[in-house]
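Listing of data_25.cif, mmCIF, C-alpha atoms
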data_coords
loop_
_atom_site.group_PDB
_atom_site.id
_atom_site.type_symbol
_atom_site.label_atom_id
_atom_site.label_comp_id
_atom_site.auth_asym_id
_atom_site.auth_seq_id
_atom_site.Cartn_x
_atom_site.Cartn_y
_atom_site.Cartn_z
ATOM 1 C CA MET A 1212 118.602 32.491 -153.385
ATOM 2 C CA ALA A 1213 119.244 29.794 -150.792
ATOM 3 C CA ASN A 1214 119.446 31.279 -147.333
ATOM 4 C CA PHE A 1215 120.937 29.609 -144.280
ATOM 5 C CA SER A 1216 118.420 30.899 -141.727
ATOM 6 C CA TRP A 1217 118.871 29.720 -138.155
ATOM 7 C CA ARG A 1218 115.936 31.548 -136.712
ATOM 8 C CA LYS A 1219 113.504 34.035 -138.159
ATOM 9 C CA ALA A 1220 114.934 37.483 -138.344
ATOM 10 C CA ALA A 1221 112.498 40.275 -137.684
ATOM 11 C CA LEU A 1222 113.270 42.797 -140.361
ATOM 12 C CA VAL A 1223 112.639 46.349 -139.436
ATOM 13 C CA ALA A 1224 110.654 48.896 -141.378
ATOM 14 C CA ALA A 1225 112.033 51.583 -143.538
ATOM 15 C CA VAL A 1226 113.331 55.189 -143.220
ATOM 16 C CA VAL A 1227 115.411 58.432 -144.297
ATOM 17 C CA PRO A 1228 118.170 61.174 -144.884
ATOM 18 C CA MET A 1229 121.712 60.916 -144.426
ATOM 19 C CA LEU A 1230 124.108 63.638 -143.831
ATOM 20 C CA ALA A 1231 127.685 63.918 -143.536
ATOM 21 C CA LEU A 1232 130.510 61.867 -142.540
ATOM 22 C CA SER A 1233 131.651 63.056 -139.183
ATOM 23 C CA ALA A 1234 134.729 63.366 -137.130
ATOM 24 C CA CYS A 1235 137.903 61.666 -136.615
ATOM 25 C CA SER A 1236 138.419 58.534 -138.646
ATOM 26 C CA SER A 1237 136.204 58.245 -141.656
ATOM 27 C CA THR A 1238 138.092 55.193 -142.839
ATOM 28 C CA GLY A 1239 136.720 52.324 -144.841
ATOM 29 C CA GLY A 1240 134.181 54.080 -146.983
ATOM 30 C CA LYS A 1241 133.434 56.122 -150.026
ATOM 31 C CA PRO A 1242 132.415 59.782 -149.620
ATOM 32 C CA ALA A 1243 128.913 60.155 -148.306
ATOM 33 C CA ASP A 1244 126.062 60.224 -150.785
ATOM 34 C CA THR A 1245 124.203 63.388 -149.942
ATOM 35 C CA GLY A 1246 121.213 62.601 -152.132
ATOM 36 C CA ASN A 1247 117.998 61.013 -151.003
ATOM 37 C CA ALA A 1248 118.971 57.376 -151.334
ATOM 38 C CA GLY A 1249 115.469 56.161 -150.615
ATOM 39 C CA GLY A 1250 113.954 58.019 -153.537
ATOM 40 C CA GLY A 1251 110.826 59.015 -151.587
ATOM 41 C CA GLN A 1252 109.743 61.637 -149.108
ATOM 42 C CA ALA A 1253 111.333 61.904 -145.698
ATOM 43 C CA ALA A 1254 109.410 61.001 -142.573
ATOM 44 C CA THR A 1255 107.463 63.832 -140.983
ATOM 45 C CA THR A 1256 108.906 63.151 -137.542
ATOM 46 C CA ASP A 1257 111.264 65.701 -136.001
ATOM 47 C CA ARG A 1258 114.803 65.560 -137.323
ATOM 48 C CA ILE A 1259 117.126 63.576 -135.062
ATOM 49 C CA LYS A 1260 120.841 62.847 -135.010
ATOM 50 C CA ILE A 1261 122.215 59.296 -134.976
ATOM 51 C CA ALA A 1262 125.870 58.286 -134.734
ATOM 52 C CA LEU A 1263 126.964 55.080 -136.447
ATOM 53 C CA ILE A 1264 130.393 54.102 -135.138
ATOM 54 C CA ALA A 1265 132.183 51.154 -136.725
ATOM 55 C CA HIS A 1266 135.547 49.446 -136.469
ATOM 56 C CA ALA A 1267 135.954 49.596 -140.253
ATOM 57 C CA PRO A 1268 139.471 49.479 -141.714
ATOM 58 C CA ALA A 1269 140.374 51.696 -144.644
ATOM 59 C CA GLY A 1270 139.306 50.554 -148.083
ATOM 60 C CA ASP A 1271 137.138 47.553 -147.175
ATOM 61 C CA THR A 1272 134.155 47.514 -149.536
ATOM 62 C CA PHE A 1273 132.087 45.601 -146.971
ATOM 63 C CA TRP A 1274 131.725 48.820 -145.008
ATOM 64 C CA ASP A 1275 130.689 50.799 -148.071
ATOM 65 C CA THR A 1276 127.689 48.461 -148.223
ATOM 66 C CA VAL A 1277 126.915 48.864 -144.513
ATOM 67 C CA ARG A 1278 127.054 52.602 -144.955
ATOM 68 C CA LYS A 1279 124.744 52.617 -147.967
ATOM 69 C CA GLY A 1280 122.105 50.802 -145.944
ATOM 70 C CA ALA A 1281 122.497 53.263 -143.071
ATOM 71 C CA GLU A 1282 122.264 56.220 -145.458
ATOM 72 C CA GLU A 1283 119.069 54.955 -147.041
ATOM 73 C CA ALA A 1284 117.450 54.484 -143.643
ATOM 74 C CA ALA A 1285 118.608 57.947 -142.584
ATOM 75 C CA ALA A 1286 117.278 59.502 -145.766
ATOM 76 C CA LYS A 1287 113.908 57.913 -145.130
ATOM 77 C CA ASP A 1288 113.615 58.699 -141.436
ATOM 78 C CA ASN A 1289 114.636 62.357 -141.435
ATOM 79 C CA VAL A 1290 117.853 61.477 -139.631
ATOM 80 C CA GLU A 1291 121.168 63.315 -139.654
ATOM 81 C CA LEU A 1292 123.638 60.439 -139.801
ATOM 82 C CA LEU A 1293 127.105 60.858 -138.329
ATOM 83 C CA TYR A 1294 129.228 58.020 -139.700
ATOM 84 C CA THR A 1295 132.653 57.491 -138.124
ATOM 85 C CA SER A 1296 134.957 54.512 -137.841
ATOM 86 C CA ASP A 1297 138.325 53.405 -136.580
ATOM 87 C CA PRO A 1298 139.759 49.874 -136.428
ATOM 88 C CA GLU A 1299 141.763 50.695 -133.272
ATOM 89 C CA ALA A 1300 139.625 49.929 -130.218
ATOM 90 C CA GLY A 1301 140.755 52.880 -128.113
ATOM 91 C CA ARG A 1302 139.999 55.341 -130.885
ATOM 92 C CA GLN A 1303 136.612 53.763 -131.519
ATOM 93 C CA ALA A 1304 135.851 54.320 -127.827
ATOM 94 C CA GLN A 1305 136.840 57.976 -128.242
ATOM 95 C CA LEU A 1306 134.407 58.288 -131.153
ATOM 96 C CA ILE A 1307 131.614 56.987 -128.913
ATOM 97 C CA GLU A 1308 132.500 59.572 -126.268
ATOM 98 C CA GLN A 1309 132.492 62.307 -128.917
ATOM 99 C CA ALA A 1310 128.996 61.229 -129.975
ATOM 100 C CA VAL A 1311 127.852 61.464 -126.348
ATOM 101 C CA ASP A 1312 129.303 64.980 -126.149
ATOM 102 C CA GLN A 1313 127.387 65.869 -129.327
ATOM 103 C CA LYS A 1314 124.170 64.808 -127.564
ATOM 104 C CA VAL A 1315 123.104 62.472 -130.351
ATOM 105 C CA ASP A 1316 119.684 60.844 -130.194
ATOM 106 C CA GLY A 1317 121.015 57.332 -130.692
ATOM 107 C CA ILE A 1318 124.206 55.337 -131.200
ATOM 108 C CA ALA A 1319 124.683 52.315 -133.469
ATOM 109 C CA VAL A 1320 128.008 50.617 -132.791
ATOM 110 C CA THR A 1321 130.025 47.551 -133.740
ATOM 111 C CA LEU A 1322 131.439 45.545 -130.829
ATOM 112 C CA ALA A 1323 134.483 43.793 -132.266
ATOM 113 C CA THR A 1324 136.354 44.554 -129.021
ATOM 114 C CA PRO A 1325 133.624 44.765 -126.362
ATOM 115 C CA GLU A 1326 135.836 45.252 -123.304
ATOM 116 C CA ALA A 1327 137.558 48.268 -124.826
ATOM 117 C CA LEU A 1328 134.217 49.991 -125.462
ATOM 118 C CA LYS A 1329 132.571 49.227 -122.130
ATOM 119 C CA GLY A 1330 133.419 52.523 -120.430
ATOM 120 C CA ALA A 1331 132.413 54.706 -123.361
ATOM 121 C CA LEU A 1332 129.104 52.893 -123.802
ATOM 122 C CA LYS A 1333 128.336 53.264 -120.096
ATOM 123 C CA LYS A 1334 128.681 57.032 -120.557
ATOM 124 C CA ALA A 1335 126.192 56.842 -123.413
ATOM 125 C CA ALA A 1336 123.732 54.796 -121.362
ATOM 126 C CA ASP A 1337 124.125 57.111 -118.358
ATOM 127 C CA ALA A 1338 123.335 60.033 -120.667
ATOM 128 C CA GLY A 1339 120.095 58.325 -121.670
ATOM 129 C CA ILE A 1340 121.192 57.700 -125.264
ATOM 130 C CA PRO A 1341 119.630 54.550 -126.776
ATOM 131 C CA ILE A 1342 122.149 52.070 -128.186
ATOM 132 C CA VAL A 1343 121.962 49.288 -130.738
ATOM 133 C CA SER A 1344 124.866 47.122 -131.838
ATOM 134 C CA PHE A 1345 125.439 45.599 -135.238
ATOM 135 C CA ASN A 1346 127.838 43.372 -137.156
ATOM 136 C CA ALA A 1347 130.062 42.253 -134.260
ATOM 137 C CA GLY A 1348 129.647 41.490 -130.581
ATOM 138 C CA GLU A 1349 126.241 39.807 -130.373
ATOM 139 C CA SER A 1350 127.101 37.980 -127.144
ATOM 140 C CA ALA A 1351 128.163 41.211 -125.377
ATOM 141 C CA SER A 1352 125.466 43.458 -126.817
ATOM 142 C CA ALA A 1353 122.902 43.419 -123.999
ATOM 143 C CA GLN A 1354 125.572 43.654 -121.297
ATOM 144 C CA LEU A 1355 126.895 46.838 -122.863
ATOM 145 C CA GLY A 1356 123.497 48.498 -122.934
ATOM 146 C CA ALA A 1357 122.217 47.825 -126.462
ATOM 147 C CA PHE A 1358 118.524 47.006 -126.731
ATOM 148 C CA THR A 1359 119.107 44.824 -129.794
ATOM 149 C CA HIS A 1360 121.810 43.570 -132.155
ATOM 150 C CA PHE A 1361 121.714 43.224 -135.944
ATOM 151 C CA GLY A 1362 124.034 40.714 -137.532
ATOM 152 C CA SER A 1363 124.898 37.116 -138.193
ATOM 153 C CA ASN A 1364 125.555 34.629 -135.421
ATOM 154 C CA GLU A 1365 129.215 34.089 -136.224
ATOM 155 C CA GLN A 1366 129.569 30.748 -134.442
ATOM 156 C CA LEU A 1367 126.637 29.370 -136.438
ATOM 157 C CA ALA A 1368 128.015 30.898 -139.630
ATOM 158 C CA GLY A 1369 131.329 29.147 -139.014
ATOM 159 C CA GLN A 1370 129.532 25.882 -138.367
ATOM 160 C CA ALA A 1371 127.627 26.322 -141.632
ATOM 161 C CA VAL A 1372 130.953 26.623 -143.456
ATOM 162 C CA GLY A 1373 132.405 23.658 -141.581
ATOM 163 C CA THR A 1374 129.373 21.519 -142.407
ATOM 164 C CA ARG A 1375 129.613 22.458 -146.080
ATOM 165 C CA LEU A 1376 133.329 21.626 -146.175
ATOM 166 C CA ALA A 1377 132.866 18.331 -144.331
ATOM 167 C CA GLU A 1378 130.181 17.328 -146.834
ATOM 168 C CA GLY A 1379 132.666 18.109 -149.607
ATOM 169 C CA GLY A 1380 135.288 15.841 -148.046
ATOM 170 C CA TYR A 1381 137.676 18.607 -146.931
ATOM 171 C CA LYS A 1382 139.703 17.696 -143.846
ATOM 172 C CA HIS A 1383 142.496 20.242 -143.485
ATOM 173 C CA PRO A 1384 141.175 23.790 -143.835
ATOM 174 C CA VAL A 1385 143.265 26.854 -143.083
ATOM 175 C CA CYS A 1386 141.092 29.598 -141.592
ATOM 176 C CA VAL A 1387 142.702 33.023 -142.024
ATOM 177 C CA ILE A 1388 142.018 35.646 -139.330
ATOM 178 C CA GLN A 1389 143.011 39.168 -140.346
ATOM 179 C CA ALA A 1390 142.541 40.835 -136.936
ATOM 180 C CA GLN A 1391 143.613 38.815 -133.907
ATOM 181 C CA GLY A 1392 141.240 39.247 -130.973
ATOM 182 C CA HIS A 1393 138.236 40.264 -133.092
ATOM 183 C CA VAL A 1394 135.478 38.278 -131.395
ATOM 184 C CA GLY A 1395 133.445 37.719 -134.558
ATOM 185 C CA LEU A 1396 136.361 36.464 -136.651
ATOM 186 C CA GLU A 1397 137.572 34.157 -133.892
ATOM 187 C CA ALA A 1398 134.026 32.760 -133.580
ATOM 188 C CA ARG A 1399 133.848 32.062 -137.317
ATOM 189 C CA CYS A 1400 136.985 29.935 -137.296
ATOM 190 C CA ALA A 1401 135.927 28.233 -134.044
ATOM 191 C CA GLY A 1402 132.668 27.277 -135.767
ATOM 192 C CA VAL A 1403 134.541 25.802 -138.732
ATOM 193 C CA LYS A 1404 136.836 23.850 -136.421
ATOM 194 C CA ALA A 1405 133.855 22.481 -134.486
ATOM 195 C CA LYS A 1406 132.738 20.722 -137.679
ATOM 196 C CA VAL A 1407 136.174 20.008 -139.198
ATOM 197 C CA PRO A 1408 138.617 19.296 -136.332
ATOM 198 C CA GLY A 1409 141.637 19.416 -138.663
ATOM 199 C CA THR A 1410 141.173 23.160 -139.172
ATOM 200 C CA GLU A 1411 144.248 25.336 -138.590
ATOM 201 C CA ILE A 1412 144.159 29.043 -137.748
ATOM 202 C CA LEU A 1413 146.455 31.434 -139.599
ATOM 203 C CA TYR A 1414 146.774 35.007 -138.329
ATOM 204 C CA VAL A 1415 147.650 37.705 -140.838
ATOM 205 C CA ASN A 1416 147.877 41.493 -140.814
ATOM 206 C CA GLY A 1417 144.703 42.525 -142.621
ATOM 207 C CA ALA A 1418 145.903 46.125 -142.911
ATOM 208 C CA ASP A 1419 148.692 45.043 -145.304
ATOM 209 C CA MET A 1420 147.537 42.931 -148.248
ATOM 210 C CA THR A 1421 151.108 42.321 -149.432
ATOM 211 C CA SER A 1422 151.818 40.780 -146.040
ATOM 212 C CA VAL A 1423 148.579 38.770 -146.185
ATOM 213 C CA GLU A 1424 149.576 37.318 -149.538
ATOM 214 C CA SER A 1425 153.122 36.430 -148.501
ATOM 215 C CA THR A 1426 152.076 34.914 -145.151
ATOM 216 C CA ALA A 1427 149.364 32.781 -146.766
ATOM 217 C CA THR A 1428 151.690 31.735 -149.592
ATOM 218 C CA ALA A 1429 154.300 30.575 -147.101
ATOM 219 C CA LYS A 1430 151.680 28.639 -145.141
ATOM 220 C CA LEU A 1431 150.386 26.853 -148.236
ATOM 221 C CA GLN A 1432 153.912 25.993 -149.357
ATOM 222 C CA ALA A 1433 154.661 24.535 -145.919
ATOM 223 C CA SER A 1434 151.319 22.734 -145.467
ATOM 224 C CA LYS A 1435 150.976 20.384 -148.388
ATOM 225 C CA ASP A 1436 147.894 18.734 -146.849
ATOM 226 C CA ALA A 1437 145.916 21.982 -146.719
ATOM 227 C CA ASP A 1438 142.917 21.310 -148.959
ATOM 228 C CA VAL A 1439 140.977 24.564 -148.561
ATOM 229 C CA ILE A 1440 141.849 28.047 -147.343
ATOM 230 C CA ILE A 1441 139.132 30.286 -145.934
ATOM 231 C CA GLY A 1442 139.076 34.075 -146.066
ATOM 232 C CA LEU A 1443 136.932 35.918 -143.521
ATOM 233 C CA GLY A 1444 136.284 38.926 -145.742
ATOM 234 C CA ALA A 1445 136.100 39.569 -149.479
ATOM 235 C CA PRO A 1446 139.385 41.532 -149.858
ATOM 236 C CA ILE A 1447 141.227 38.855 -147.866
ATOM 237 C CA THR A 1448 139.737 36.046 -149.943
ATOM 238 C CA LEU A 1449 140.627 37.732 -153.223
ATOM 239 C CA THR A 1450 144.206 38.022 -151.966
ATOM 240 C CA LEU A 1451 144.219 34.348 -150.934
ATOM 241 C CA LEU A 1452 143.424 33.398 -154.528
ATOM 242 C CA LYS A 1453 146.772 34.935 -155.470
ATOM 243 C CA SER A 1454 148.508 33.025 -152.676
ATOM 244 C CA VAL A 1455 147.122 29.707 -153.896
ATOM 245 C CA SER A 1456 148.391 30.428 -157.403
ATOM 246 C CA THR A 1457 151.827 31.619 -156.236
ATOM 247 C CA ALA A 1458 152.266 28.642 -153.907
ATOM 248 C CA GLY A 1459 151.257 26.185 -156.636
ATOM 249 C CA SER A 1460 148.799 24.757 -154.111
ATOM 250 C CA ALA A 1461 145.879 22.480 -154.920
ATOM 251 C CA ALA A 1462 143.880 24.038 -152.075
ATOM 252 C CA LYS A 1463 140.434 25.383 -152.889
ATOM 253 C CA VAL A 1464 139.212 28.739 -151.604
ATOM 254 C CA ALA A 1465 136.086 29.496 -149.536
ATOM 255 C CA SER A 1466 134.972 32.742 -147.976
ATOM 256 C CA PHE A 1467 132.827 34.799 -145.684
ATOM 257 C CA ASP A 1468 131.226 38.080 -146.728
ATOM 258 C CA LEU A 1469 130.799 39.518 -150.184
ATOM 259 C CA ASN A 1470 131.545 42.204 -152.722
ATOM 260 C CA LYS A 1471 130.980 42.399 -156.470
ATOM 261 C CA GLU A 1472 134.332 40.902 -157.406
ATOM 262 C CA LEU A 1473 133.943 38.019 -154.979
ATOM 263 C CA ALA A 1474 130.402 37.321 -156.232
ATOM 264 C CA GLN A 1475 131.902 37.023 -159.728
ATOM 265 C CA LYS A 1476 134.591 34.619 -158.462
ATOM 266 C CA VAL A 1477 131.916 32.426 -156.875
ATOM 267 C CA SER A 1478 129.859 32.569 -160.060
ATOM 268 C CA ASP A 1479 132.769 31.443 -162.232
ATOM 269 C CA GLY A 1480 133.840 28.718 -159.799
ATOM 270 C CA SER A 1481 137.122 30.246 -158.617
ATOM 271 C CA VAL A 1482 135.734 30.345 -155.056
ATOM 272 C CA LEU A 1483 133.691 27.420 -153.717
ATOM 273 C CA PHE A 1484 131.157 29.544 -151.839
ATOM 274 C CA THR A 1485 130.846 32.459 -149.468
ATOM 275 C CA VAL A 1486 128.665 33.116 -146.418
ATOM 276 C CA ASP A 1487 126.940 36.470 -146.603
ATOM 277 C CA GLN A 1488 125.805 38.349 -143.494
ATOM 278 C CA GLN A 1489 123.933 40.948 -145.595
ATOM 279 C CA PRO A 1490 125.712 44.106 -144.398
ATOM 280 C CA TRP A 1491 123.318 46.508 -146.146
ATOM 281 C CA LEU A 1492 120.575 45.235 -143.846
ATOM 282 C CA GLN A 1493 122.804 45.722 -140.813
ATOM 283 C CA GLY A 1494 123.381 49.401 -141.534
ATOM 284 C CA TYR A 1495 119.775 50.039 -142.553
ATOM 285 C CA SER A 1496 118.239 48.176 -139.625
ATOM 286 C CA ALA A 1497 120.487 49.735 -136.990
ATOM 287 C CA VAL A 1498 119.559 53.285 -137.992
ATOM 288 C CA ASP A 1499 115.887 52.496 -138.478
ATOM 289 C CA ALA A 1500 115.612 50.748 -135.106
ATOM 290 C CA LEU A 1501 116.949 53.846 -133.331
ATOM 291 C CA TRP A 1502 114.458 56.034 -135.204
ATOM 292 C CA GLN A 1503 111.616 53.670 -134.288
ATOM 293 C CA ASN A 1504 112.737 53.808 -130.675
ATOM 294 C CA LYS A 1505 112.774 57.601 -130.700
ATOM 295 C CA ARG A 1506 109.372 57.979 -132.345
ATOM 296 C CA GLY A 1507 107.472 55.406 -130.309
ATOM 297 C CA GLY A 1508 109.693 53.735 -127.731
ATOM 298 C CA PHE A 1509 109.740 50.628 -129.906
ATOM 299 C CA LYS A 1510 112.451 48.032 -129.325
ATOM 300 C CA ILE A 1511 112.932 45.859 -132.380
ATOM 301 C CA GLY A 1512 113.794 42.251 -131.617
ATOM 302 C CA GLY A 1513 111.977 41.926 -128.297
ATOM 303 C CA GLY A 1514 115.267 41.708 -126.433
ATOM 304 C CA GLN A 1515 116.731 39.207 -128.888
ATOM 305 C CA SER A 1516 119.240 39.662 -131.690
ATOM 306 C CA VAL A 1517 117.892 40.156 -135.202
ATOM 307 C CA LEU A 1518 119.751 37.867 -137.592
ATOM 308 C CA THR A 1519 120.812 39.108 -141.021
ATOM 309 C CA GLY A 1520 122.641 35.891 -141.864
ATOM 310 C CA PRO A 1521 124.245 33.492 -142.509
ATOM 311 C CA ALA A 1522 123.242 33.095 -146.150
ATOM 312 C CA ILE A 1523 125.216 30.644 -148.299
ATOM 313 C CA ILE A 1524 126.103 31.909 -151.776
ATOM 314 C CA ASP A 1525 127.509 29.372 -154.200
ATOM 315 C CA LYS A 1526 127.564 28.829 -157.946
ATOM 316 C CA SER A 1527 123.844 28.007 -157.937
ATOM 317 C CA ASN A 1528 122.752 31.482 -156.816
ATOM 318 C CA ALA A 1529 125.781 33.753 -157.249
ATOM 319 C CA ALA A 1530 124.549 35.194 -160.553
ATOM 320 C CA GLU A 1531 121.373 36.439 -158.874
ATOM 321 C CA VAL A 1532 123.335 37.991 -156.014
ATOM 322 C CA LEU A 1533 125.793 39.552 -158.472
ATOM 323 C CA LYS A 1534 122.966 41.658 -159.937
ATOM 324 C CA PHE A 1535 122.423 43.266 -156.550
ATOM 325 C CA ALA A 1536 126.157 43.559 -155.884
ATOM 326 C CA GLU A 1537 126.483 45.588 -159.054
ATOM 327 C CA GLN A 1538 123.910 47.998 -157.569
ATOM 328 C CA GLY A 1539 126.038 48.315 -154.436
ATOM 329 C CA ILE A 1540 123.528 46.770 -152.040
ATOM 330 C CA ARG A 1541 125.141 43.318 -151.685
#

Represent the structure of the file as structure tokens.
Amino acid sequence: MANFSWRKAALVAAVVPMLALSACSSTGGKPADTGNAGGGQAATTDRIKIALIAHAPAGDTFWDTVRKGAEEAAAKDNVELLYTSDPEAGRQAQLIEQAVDQKVDGIAVTLATPEALKGALKKAADAGIPIVSFNAGESASAQLGAFTHFGSNEQLAGQAVGTRLAEGGYKHPVCVIQAQGHVGLEARCAGVKAKVPGTEILYVNGADMTSVESTATAKLQASKDADVIIGLGAPITLTLLKSVSTAGSAAKVASFDLNKELAQKVSDGSVLFTVDQQPWLQGYSAVDALWQNKRGGFKIGGGQSVLTGPAIIDKSNAAEVLKFAEQGIR
């Protein structure tokens, strides 16, 4: 598979159990798999408790993949994993504070809205709880107390898409942001625009796919020069395919992120390509890094972010990726 690798990512070692979905908002995921996902014996280190707190919206398969990676690491490292999520920044902050009150041994957190989480993460740091960030908020990670970040550099990922589109002769992309103010999504579209100045931003309500479809359809009907429309997540992109058809538009479709259905659409040529940030690795690495820190004071990354992407998936390698997507790890 062709990977877009901007600097070498140090991949962390393995690890163990997962327990229970915790607390408040367990949105955006399937019920927890209580089996030993790793298939081997658990680590012999003392059992610890790690909270993984995401901004996942309900029903997004991306987060199922993140969670599977976290569960496998937990199952391998003798970790009780408390998975919670909420797309609303204030409630995500409350989940962090709840984890502090539970005296967890580590917190892995997404930083889609860094400012809103600053106070809660300071409480965690003051309590001596190690923190890693993943998926979103690389630029704010160290400032908010995380010793490393696992994810894709979203600005570079956007530039990778922009470069690919420019090489294909596309001049008027529409980049669709499903959550205004999400630092990672904004950075993706900014990266595209840096390479293709004619890029327009379209904001949609990602919590309502009917609204996404109608808003994108209206935009394509009004913008006859739009030659490609870009979804920033697999469910959004799959909805944009419907918008293109309904609008009778000649625009092509490109994407970020991945699920099984999107991998199939890339394989059959319905979608030009997608940029994968390898979410399974994000969940796995975040949990494992906290376990490594607890067992030996290790700090993966040496103070730098650990990149899990971007990786370009197009028709040339989509079939290979699809095999792993069908196993639920891509």

> So what does the PyMOL selection byres ((chain A and resi 1520-1532) around 7) actually pick up in this one, as a list of chain:residue names?
Replying inline: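 Taken over the shown coordinates, the PyMOL selection byres ((chain A and resi 1520-1532) around 7) returns A:Met1212, A:Ala1213, A:Asn1214, A:Phe1215, A:Ser1216, A:Gly1362, A:Ser1363, A:Ala1368, A:Ala1474, A:Val1477, A:Ser1478, A:Gly1480, A:Leu1483, A:Phe1484, A:Thr1485, A:Val1486, A:Asp1487, A:Gln1488, A:Gln1489, A:Leu1518, A:Thr1519, A:Leu1533, A:Lys1534, A:Phe1535, A:Ala1536.
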
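Shortest atom-to-atom contact with Pro1341 in chain A among A:Ala1500, A:Leu1413, A:Ala1445, A:Ile1388: A:Ala1500, counting all atoms listed in the file.
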
Centre and edges of the range 1480-1498 of chain A box, axis-aligned, 4 Å extra per side, as JSON:
{"center_x": 127.7, "center_y": 40.4, "center_z": -148.4, "size_x": 26.9, "size_y": 33.9, "size_z": 30.8}

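When only C-alpha atoms are used to compute distances to Met1420 in chain A, the closest of the residues A:Arg1399, A:Lys1453, A:Lys1406, A:Lys1435 turns out to be A:Lys1453.
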
>> Neighbouring residues of Gly1280 in chain A were defined as those with any atom within 7 Å, considering all atoms listed in the file; residues of the same chain fewer than 3 positions away were excluded. Please report them as a PyMOL selection string.
In response: chain A and resi 1276-1277+1283-1284+1491-1492+1494-1495

> When distances are computed from all atoms listed in the file, which of A:Gly1513, A:Gly1270, A:Ile1412, A:Gly1417 shows the smallest separation from Pro1384 in chain A?
Replying inline: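 Going through A:Gly1513, A:Gly1270, A:Ile1412, A:Gly1417 one by one, the smallest distance to Pro1384 in chain A is for A:Ile1412.
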